[in-house]
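Engineer: Pasting a structure below so you can have a look.
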Amino acid sequence: MDMRINGKQLFWLMVTMQLGMTILLTINPSIQVSKQDAWISTGCAAIVGVCVAFICSRMSLIYPRQTFTGYAKILFGRALGNVIIFIYFIFWYSVLAIILRQYAEFILATILPRTPVIIPMIGMLLVAVYVTYSGIEAIARSSELLGPLALLGITIPLLLSIKNIQIANILPIYADSSPMIILKGALPSSTFLGDCIMLIMLFGFVAVPRSAVKPALLGVGTAGFLTCVSTFLIISVFGNEAAALHTYPYFNLVRYISYFDFFQNLDSIVIAMWIVGVFVKVSLYFFVCTFGTAQWIGIQKWRKMMWFVAPAVLLLALVPRDFIDSSIFFPQKIANPYFFPLHMLALPLLMWGVAKYRNRKGSS
């Protein structure tokens, strides 16, 4: 593979990909479950995300400059390896379609209410196709340029919200929750942060894999930490009962900011930064689906797969009937009970264990 990225670019890929959508879409479900302790749940989710990134990095050091579709057959043999690869592609294709649909639903709910849902999806998909055609380096450089802006766009509103904190809203801490409630509240954010599992593909393009381990962990950790801080501020400003009624509580937090009746209406900035995050996330998923599928079935010119992946994903994105299907039914009935434990925990741990065993056996 002649496409190469470095550790700094991998850091910004993780931050930009995970920050916006995790903060916007997972805080409300966590608050509904964990109430005023939801910030503890999102903190636990941050730890889970870093652990998933750590497992991916260990795999990359055992099989440097190889993608998951390359070493899965080495680990499990041709037949079982193909089954596991297929299971992951079900995950990546369906999540890419849901991201497109959630993006379109948010755009329709905030700024373009009369627009057909397919229009925002086609627009974002065309941009992703354009940048993906140039390879992973183009996506990495885009995140390196847009990532700092997205990080500032998320962080500055959080800093401006500090003056509205009411500590009484987060009390009592851990008195009304049990460990199971905290962990259940961590599921939504864990599922979003756990999609750093695509590092098992991306590490194959890192020129020096060992140099990218810390940036990858730091990128996922940064996204998780800011999600935890955002949850804390949302609860402390609105209270858990009011925050649970907001579909996009971070968006409402930003709308609540006002300094001297002059510095306000920052929600347009948040929308722009969120679109940046969606763009990077869709582009990464699209690249992983396109390149990975081509590598799996043995097509040398991987860009040809775009003609299959783009229409397939667009059709899948039209399957959900409405916001309920894409943002409530899919996460609660499919992603949390199946994708998270299987694709982000069980199979990575299994691959890591088999890889270490085979490595030790080969050394001896």
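A note on labels: chains of the structure tokens are A, B, ... as shown, every chain counts residues from 1, and ligands are counted from 1 in their shown order.
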Any chance you could list, as a PDB file with N, CA, C and O atoms, in the first residue's frame, the residues in region 142-332 of chain A that come up strand (DSSP E) when DSSP is run on the backbone?
Structural biologist:
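This is the output file states01.pdb:
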ATOM      1  N   SER A 258     -25.431  33.565  26.582  1.00  0.00           N
ATOM      2  CA  SER A 258     -25.649  34.976  26.253  1.00  0.00           C
ATOM      3  C   SER A 258     -24.782  35.839  27.150  1.00  0.00           C
ATOM      4  O   SER A 258     -24.847  35.732  28.379  1.00  0.00           O
ATOM      5  N   TYR A 259     -23.965  36.688  26.528  1.00  0.00           N
ATOM      6  CA  TYR A 259     -23.129  37.630  27.254  1.00  0.00           C
ATOM      7  C   TYR A 259     -23.500  39.051  26.818  1.00  0.00           C
ATOM      8  O   TYR A 259     -23.282  39.449  25.675  1.00  0.00           O
ATOM      9  N   PHE A 263     -23.083  38.636  22.716  1.00  0.00           N
ATOM     10  CA  PHE A 263     -22.399  37.404  22.340  1.00  0.00           C
ATOM     11  C   PHE A 263     -23.354  36.247  22.563  1.00  0.00           C
ATOM     12  O   PHE A 263     -23.435  35.683  23.653  1.00  0.00           O
ATOM     13  N   GLN A 264     -24.121  35.908  21.537  1.00  0.00           N
ATOM     14  CA  GLN A 264     -25.131  34.865  21.653  1.00  0.00           C
ATOM     15  C   GLN A 264     -25.414  34.272  20.274  1.00  0.00           C
ATOM     16  O   GLN A 264     -24.736  34.580  19.304  1.00  0.00           O
TER      17      GLN A 264
END
Engineer: Env of region 63-75 of chain A: 9 Å cut, atoms = only C-alpha atoms, seq-sep filter 2 positions within chain, self excluded. Answer as a PyMOL selection string.
Structural biologist: chain A and resi 1+58-61+77-82+84-85+198-210+292-293+295-296+351+354-355+358
Engineer: Would you mind listing what lies within 8 Å of Ile197 (chain A) as a list of chain:residue names, with only C-alpha atoms counted and same-chain residues fewer than 3 positions away left out?
Structural biologist: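 Returned residues: A:Val52, A:Ala53, A:Cys56, A:Gly194, A:Ile200, A:His343, A:Met344.
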Engineer: Please produce a file of the residues just selected, as a short mmCIF file (atom, residue, chain, number, x, y, z; two decimals), in the first residue's frame, where the atoms kept are C-alpha atoms.
Structural biologist:
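File selection-v3.cif, as written:
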data_model
loop_
_atom_site.label_atom_id
_atom_site.label_comp_id
_atom_site.auth_asym_id
_atom_site.auth_seq_id
_atom_site.Cartn_x
_atom_site.Cartn_y
_atom_site.Cartn_z
CA VAL A 52 -10.82 -0.38 22.30
CA ALA A 53 -8.22 1.89 20.69
CA CYS A 56 -6.43 -2.02 17.96
CA GLY A 194 -16.08 2.35 20.30
CA ILE A 200 -7.82 -2.05 12.78
CA HIS A 343 -17.69 -5.89 17.08
CA MET A 344 -16.07 -3.56 19.61
#
Engineer: Of the candidates A:Gln18, A:Asn169, A:Ser190, A:Ser211, which one gets nearest to Phe339 (chain A) if we count only C-alpha atoms?
Structural biologist: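 Residue with the minimum atom-to-atom distance to Phe339 (chain A): A:Ser190.
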Engineer: Please give the complete set of residues from region 56-126 of chain A that DSSP, run on the backbone, assigns to helix (DSSP H, G or I), formatted as number ranges by chain.
Structural biologist: A: 56-62, 68-76, 78-110, 118-126
Engineer: Write the selection just made, keeping C-alpha atoms, as a tab-separated table (two decimals), in the first residue's frame?
Structural biologist:
chain	number	residue	atom	x	y	z
A	56	CYS	CA	-6.43	-2.02	17.96
A	57	SER	CA	-2.97	-0.56	18.49
A	58	ARG	CA	-1.67	-3.85	19.90
A	59	MET	CA	-2.92	-5.64	16.80
A	60	SER	CA	-1.19	-3.10	14.58
A	61	LEU	CA	2.14	-3.75	16.30
A	62	ILE	CA	1.81	-7.51	15.81
A	68	PHE	CA	-7.77	-6.18	9.27
A	69	THR	CA	-8.89	-7.72	5.98
A	70	GLY	CA	-5.29	-8.79	5.47
A	71	TYR	CA	-4.50	-10.48	8.78
A	72	ALA	CA	-7.95	-11.87	9.69
A	73	LYS	CA	-7.37	-14.86	7.39
A	74	ILE	CA	-3.90	-15.35	8.91
A	75	LEU	CA	-5.41	-15.48	12.38
A	76	PHE	CA	-8.44	-17.69	11.76
A	78	ARG	CA	-9.57	-18.65	5.15
A	79	ALA	CA	-13.13	-19.81	5.95
A	80	LEU	CA	-13.55	-18.42	9.47
A	81	GLY	CA	-11.54	-15.32	8.56
A	82	ASN	CA	-13.96	-14.53	5.73
A	83	VAL	CA	-16.91	-14.93	8.10
A	84	ILE	CA	-15.42	-12.47	10.60
A	85	ILE	CA	-14.58	-9.98	7.83
A	86	PHE	CA	-18.16	-10.24	6.57
A	87	ILE	CA	-19.50	-9.60	10.09
A	88	TYR	CA	-17.44	-6.41	10.31
A	89	PHE	CA	-18.61	-5.19	6.92
A	90	ILE	CA	-22.24	-5.61	8.01
A	91	PHE	CA	-21.34	-3.32	10.89
A	92	TRP	CA	-19.44	-0.70	8.85
A	93	TYR	CA	-21.97	-0.50	6.00
A	94	SER	CA	-24.98	-0.21	8.29
A	95	VAL	CA	-23.33	2.37	10.58
A	96	LEU	CA	-22.29	4.47	7.57
A	97	ALA	CA	-25.90	4.45	6.35
A	98	ILE	CA	-27.22	5.41	9.79
A	99	ILE	CA	-24.71	8.27	10.09
A	100	LEU	CA	-25.94	9.67	6.79
A	101	ARG	CA	-29.56	9.36	7.92
A	102	GLN	CA	-28.90	10.94	11.34
A	103	TYR	CA	-27.07	13.79	9.65
A	104	ALA	CA	-30.00	14.39	7.31
A	105	GLU	CA	-32.52	14.22	10.18
A	106	PHE	CA	-30.54	16.81	12.17
A	107	ILE	CA	-30.26	19.17	9.19
A	108	LEU	CA	-34.00	18.90	8.57
A	109	ALA	CA	-34.79	19.49	12.25
A	110	THR	CA	-32.59	22.56	12.61
A	118	ILE	CA	-32.44	12.35	0.54
A	119	ILE	CA	-30.95	15.72	-0.49
A	120	PRO	CA	-28.61	16.23	2.52
A	121	MET	CA	-27.58	12.56	2.30
A	122	ILE	CA	-26.63	12.81	-1.38
A	123	GLY	CA	-24.74	16.05	-0.77
A	124	MET	CA	-22.66	14.60	2.08
A	125	LEU	CA	-22.07	11.33	0.23
A	126	LEU	CA	-20.81	13.15	-2.89
